[in-house]
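Chemist: Below you'll find the structure I mean.
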Amino acid sequence: MPFTGPCPHDGLPALLTCPVCRARLVPAGRALRCAEGRHSFDVARQGYLSLMTGRRARSADTPEMVRARTAFLGAGHYAPLASRLAGLALSLCPADGTVLDAGVGTGYYLAAVLDALPGALGLGLDTSAYALRAAARAHPRAGAASWDVWRPLPVRTGSVDLVLNVFAPRNGGEFHRVLRPDGALLVLTPASGHLRELRSRLGLLSVDPAKERRLHSALGDRFRHERTERLEYVLRLGGRDLDALVSMGPTAHHIDADELRRRIARLSCPQPVTVSVRASVYRPR
């Protein structure tokens with residue numbers, strides 16, 4: 001559940017460690033405090049836990065990106081992806097297990113996974129305060145906390161059954177550390193054909209054709225690749241959905257919004273758009 005109210009859910013604070021001294025965190029009113037009492041972290045009024053200090057990551061989702069993502073996902077366009085992740089989670093995580101979503105965004109995929117695991121708890125980490133406001137409300141058995149997944153995770157060693165990583169950065173060493181020995185890492189990445197109809201016409205960032213090979217290589221020292229599934233289907237999108245699709249992703253950091261809309265206006269609608277992704281399962285070595 002979100003970190004709201006005077007006493008956050010017992011299971012989630014027990015999962016966390018102080019990002020400064022690595023001591024366990026305990027509830028203290030509308031905050032969590034390390035066991036030695038030296039460091040305290042507030043719960044924002046929107047329900048997420050503020051763990052990060054200093055300047056936020058430059059690539060964090062903006063309010064406009066979060067609004068676009070909420071609209072696009074709410075329309076159900078990526079529901080098949082969420083459904084497939086939930087199906088995989090059923091075979092990878094105990095029904096009462098613990099799920100860590102590293103790069104949780106608005107919590108859309110974490111919520112789908114928790115719906116499939118009726119007794120599980122979820123924790124989402126993200127750098128964007130705007131995305132975390134949505135993630136904190138995404139599911140009654142999920143909490144959200146601000147954190148950069150490139151840094152050592154504020155999570156107890158060997159405490160997580162499933163790490164979920166959807167279109168987000170991967171910290172293989174830390175994912176391995178927080179997973180139980182029989183846990184699993186579930187990664188969703190775009191395939192080379194993802195959004196292919198839009199890439200050149202709208203100037204979207206390209207997908208590296210060697211992405212899957214680089215993923216296996218980056219994780220290979222600590223993880224064993226168990227299997228990869230490919231999911232591909234075609235959407236037919238109008239101008240508003242096209243605008244939301246492009247505005248919710250990393251291209252939004254590189255193309256002016258007005259210029260993007262001018263490019264979309266030149267497309268014929270409804271526009272066919274291919275969704276092509278890979279869901280890969282890894283086990284700790």
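Going by the structure tokens order, chains are called A, B, ..., each with residues numbered from 1, while ligands are numbered from 1 in the order shown.
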Go through stretch 107-160 of chain A and collect every residue that DSSP, computed from the backbone, puts in alpha helix (DSSP H); the answer should be as a list in words.

Modeler: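 Here are the alpha helix (DSSP H) residues of stretch 107-160 of chain A: Tyr108, Tyr109, Leu110, Ala111, Ala112, Val113, Leu114, Asp115, Ala116, Ala129, Tyr130, Ala131, Leu132, Arg133, Ala134 and Ala135 of chain A.
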
Chemist: Pull N, CA and C atoms from the residues just selected and write them as a PDB file, in the first residue's frame.

Modeler:
ATOM      1  N   TYR A 108       1.943   1.213 -13.741  1.00  0.00           N
ATOM      2  CA  TYR A 108       0.982   0.478 -14.565  1.00  0.00           C
ATOM      3  C   TYR A 108       1.299  -1.018 -14.615  1.00  0.00           C
ATOM      4  N   TYR A 109       2.553  -1.364 -14.879  1.00  0.00           N
ATOM      5  CA  TYR A 109       2.918  -2.773 -15.011  1.00  0.00           C
ATOM      6  C   TYR A 109       3.002  -3.458 -13.648  1.00  0.00           C
ATOM      7  N   LEU A 110       3.485  -2.758 -12.643  1.00  0.00           N
ATOM      8  CA  LEU A 110       3.532  -3.325 -11.298  1.00  0.00           C
ATOM      9  C   LEU A 110       2.126  -3.676 -10.822  1.00  0.00           C
ATOM     10  N   ALA A 111       1.157  -2.818 -11.080  1.00  0.00           N
ATOM     11  CA  ALA A 111      -0.221  -3.088 -10.668  1.00  0.00           C
ATOM     12  C   ALA A 111      -0.761  -4.350 -11.338  1.00  0.00           C
ATOM     13  N   ALA A 112      -0.451  -4.535 -12.615  1.00  0.00           N
ATOM     14  CA  ALA A 112      -0.923  -5.726 -13.325  1.00  0.00           C
ATOM     15  C   ALA A 112      -0.313  -6.990 -12.727  1.00  0.00           C
ATOM     16  N   VAL A 113       0.966  -6.925 -12.387  1.00  0.00           N
ATOM     17  CA  VAL A 113       1.636  -8.083 -11.787  1.00  0.00           C
ATOM     18  C   VAL A 113       1.047  -8.388 -10.412  1.00  0.00           C
ATOM     19  N   LEU A 114       0.808  -7.376  -9.603  1.00  0.00           N
ATOM     20  CA  LEU A 114       0.247  -7.606  -8.274  1.00  0.00           C
ATOM     21  C   LEU A 114      -1.180  -8.131  -8.349  1.00  0.00           C
ATOM     22  N   ASP A 115      -1.941  -7.722  -9.350  1.00  0.00           N
ATOM     23  CA  ASP A 115      -3.281  -8.281  -9.540  1.00  0.00           C
ATOM     24  C   ASP A 115      -3.217  -9.788  -9.771  1.00  0.00           C
ATOM     25  N   ALA A 116      -2.139 -10.254 -10.413  1.00  0.00           N
ATOM     26  CA  ALA A 116      -1.986 -11.684 -10.695  1.00  0.00           C
ATOM     27  C   ALA A 116      -1.451 -12.462  -9.494  1.00  0.00           C
ATOM     28  N   ALA A 129       9.466  12.436  -9.467  1.00  0.00           N
ATOM     29  CA  ALA A 129       8.443  12.684  -8.454  1.00  0.00           C
ATOM     30  C   ALA A 129       7.059  12.678  -9.074  1.00  0.00           C
ATOM     31  N   TYR A 130       6.945  13.135 -10.323  1.00  0.00           N
ATOM     32  CA  TYR A 130       5.643  13.203 -10.978  1.00  0.00           C
ATOM     33  C   TYR A 130       5.115  11.800 -11.274  1.00  0.00           C
ATOM     34  N   ALA A 131       5.999  10.904 -11.721  1.00  0.00           N
ATOM     35  CA  ALA A 131       5.578   9.524 -11.946  1.00  0.00           C
ATOM     36  C   ALA A 131       5.260   8.831 -10.622  1.00  0.00           C
ATOM     37  N   LEU A 132       6.033   9.101  -9.592  1.00  0.00           N
ATOM     38  CA  LEU A 132       5.832   8.448  -8.301  1.00  0.00           C
ATOM     39  C   LEU A 132       4.493   8.808  -7.672  1.00  0.00           C
ATOM     40  N   ARG A 133       3.987   9.997  -7.959  1.00  0.00           N
ATOM     41  CA  ARG A 133       2.668  10.361  -7.437  1.00  0.00           C
ATOM     42  C   ARG A 133       1.610   9.398  -7.951  1.00  0.00           C
ATOM     43  N   ALA A 134       1.746   8.984  -9.198  1.00  0.00           N
ATOM     44  CA  ALA A 134       0.810   7.999  -9.753  1.00  0.00           C
ATOM     45  C   ALA A 134       1.132   6.602  -9.237  1.00  0.00           C
ATOM     46  N   ALA A 135       2.412   6.252  -9.169  1.00  0.00           N
ATOM     47  CA  ALA A 135       2.800   4.911  -8.724  1.00  0.00           C
ATOM     48  C   ALA A 135       2.349   4.635  -7.298  1.00  0.00           C
TER      49      ALA A 135
END

Chemist: Enumerate the residues of stretch 5-231 of chain A with a DSSP assignment of strand (DSSP E), computed from the backbone, and present them as a ChimeraX atom specification.

Modeler: /A:25-27,31-34,40-42,49-50,98-102,121-126,142-146,160-166,179-190,223-231

Chemist: Give one line per residue of stretch 71-150 of chain A that approaches stretch 271-277 of chain A to at most 10 Å, naming the two atoms of the closest pair and their distance in Å to one decimal, counting only C-alpha atoms; sort by chain then ascending residue number and deliver it as CSV.

Modeler:
residue,atom,partner,partner_atom,distance
A:His77,CA,A:Val275,CA,9.3
A:Tyr78,CA,A:Val275,CA,8.4
A:Pro80,CA,A:Val275,CA,9.9
A:Leu81,CA,A:Val277,CA,8.3

Chemist: Grab the residues selected above and save them as an mmCIF file, in the first residue's frame with N, CA, C and O atoms.

Modeler:
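Output saved as result.cif:
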data_model
loop_
_atom_site.group_PDB
_atom_site.id
_atom_site.type_symbol
_atom_site.label_atom_id
_atom_site.label_comp_id
_atom_site.auth_asym_id
_atom_site.auth_seq_id
_atom_site.Cartn_x
_atom_site.Cartn_y
_atom_site.Cartn_z
ATOM 1 N N HIS A 77 -3.709 0.581 -24.772
ATOM 2 C CA HIS A 77 -2.887 0.215 -25.928
ATOM 3 C C HIS A 77 -1.767 -0.764 -25.580
ATOM 4 O O HIS A 77 -1.357 -1.560 -26.437
ATOM 5 N N TYR A 78 -1.262 -0.694 -24.362
ATOM 6 C CA TYR A 78 -0.207 -1.619 -23.938
ATOM 7 C C TYR A 78 -0.733 -2.676 -22.976
ATOM 8 O O TYR A 78 0.052 -3.363 -22.311
ATOM 9 N N PRO A 80 -1.865 -5.651 -23.620
ATOM 10 C CA PRO A 80 -1.297 -6.978 -23.880
ATOM 11 C C PRO A 80 0.087 -7.165 -23.257
ATOM 12 O O PRO A 80 0.442 -8.282 -22.847
ATOM 13 N N LEU A 81 0.876 -6.092 -23.181
ATOM 14 C CA LEU A 81 2.187 -6.199 -22.544
ATOM 15 C C LEU A 81 2.027 -6.439 -21.044
ATOM 16 O O LEU A 81 2.696 -7.310 -20.467
#

Chemist: With a distance cut-off of 10 Å and only C-alpha atoms, select the neighbouring residues of stretch 204-206 of chain A, excluding the residue or stretch itself and same-chain residues fewer than 3 positions from it, and output the selection as a list in words.

Modeler: Ser192, Gly193, His194, Leu195, Arg196, Leu198, Arg199, Ser200, Arg201, Pro209, Val246, Gly249, Pro250, Thr251, Ala252, His254, Ile255 and Leu260 of chain A

Chemist: Which residues of stretch 246-280 of chain A sit at most 6 Å from stretch 181-188 of chain A, using only C-alpha atoms? Give each one's shortest atom pair and distance in Å (one decimal place), in chain and ascending residue order, as JSON lines.

Modeler:
{"residue": "A:Arg278", "atom": "CA", "partner": "A:Leu188", "partner_atom": "CA", "distance": 5.7}
{"residue": "A:Ala279", "atom": "CA", "partner": "A:Leu188", "partner_atom": "CA", "distance": 4.5}
{"residue": "A:Ser280", "atom": "CA", "partner": "A:Val187", "partner_atom": "CA", "distance": 5.2}

Chemist: Could you save the residues just selected, with all heavy atoms, as a PDB file, in the first residue's frame?

Modeler:
ATOM      1  N   ARG A 278      10.375  -7.670 -26.350  1.00  0.00           N
ATOM      2  CA  ARG A 278      10.867  -8.946 -25.852  1.00  0.00           C
ATOM      3  C   ARG A 278      10.751  -8.967 -24.328  1.00  0.00           C
ATOM      4  O   ARG A 278      11.130  -7.996 -23.670  1.00  0.00           O
ATOM      5  CB  ARG A 278      12.330  -9.178 -26.242  1.00  0.00           C
ATOM      6  CG  ARG A 278      12.569  -9.354 -27.731  1.00  0.00           C
ATOM      7  CD  ARG A 278      14.024  -9.720 -27.986  1.00  0.00           C
ATOM      8  NE  ARG A 278      14.298  -9.889 -29.416  1.00  0.00           N
ATOM      9  CZ  ARG A 278      14.745  -8.933 -30.202  1.00  0.00           C
ATOM     10  NH1 ARG A 278      14.968  -7.719 -29.706  1.00  0.00           N
ATOM     11  NH2 ARG A 278      14.981  -9.169 -31.477  1.00  0.00           N
ATOM     12  N   ALA A 279      10.231 -10.048 -23.808  1.00  0.00           N
ATOM     13  CA  ALA A 279      10.186 -10.263 -22.361  1.00  0.00           C
ATOM     14  C   ALA A 279      11.179 -11.371 -22.037  1.00  0.00           C
ATOM     15  O   ALA A 279      11.017 -12.518 -22.500  1.00  0.00           O
ATOM     16  CB  ALA A 279       8.789 -10.665 -21.909  1.00  0.00           C
ATOM     17  N   SER A 280      12.210 -11.042 -21.279  1.00  0.00           N
ATOM     18  CA  SER A 280      13.290 -11.982 -20.993  1.00  0.00           C
ATOM     19  C   SER A 280      13.334 -12.299 -19.508  1.00  0.00           C
ATOM     20  O   SER A 280      13.216 -11.406 -18.657  1.00  0.00           O
ATOM     21  CB  SER A 280      14.643 -11.390 -21.426  1.00  0.00           C
ATOM     22  OG  SER A 280      14.671 -11.150 -22.824  1.00  0.00           O
TER      23      SER A 280
END

Chemist: Which value, in Å to one decimal, gives the distance between atom CA of A:Ala31 and atom CA of A:Val43?

Modeler: 5.3 Å

Chemist: Pick out the residues sitting within 8 Å of A:Gly172, and hand them over as a PyMOL selection string; count only C-alpha atoms, and ignore anything fewer than 6 positions along from it in its own chain.

Modeler: chain A and resi 218-219+222
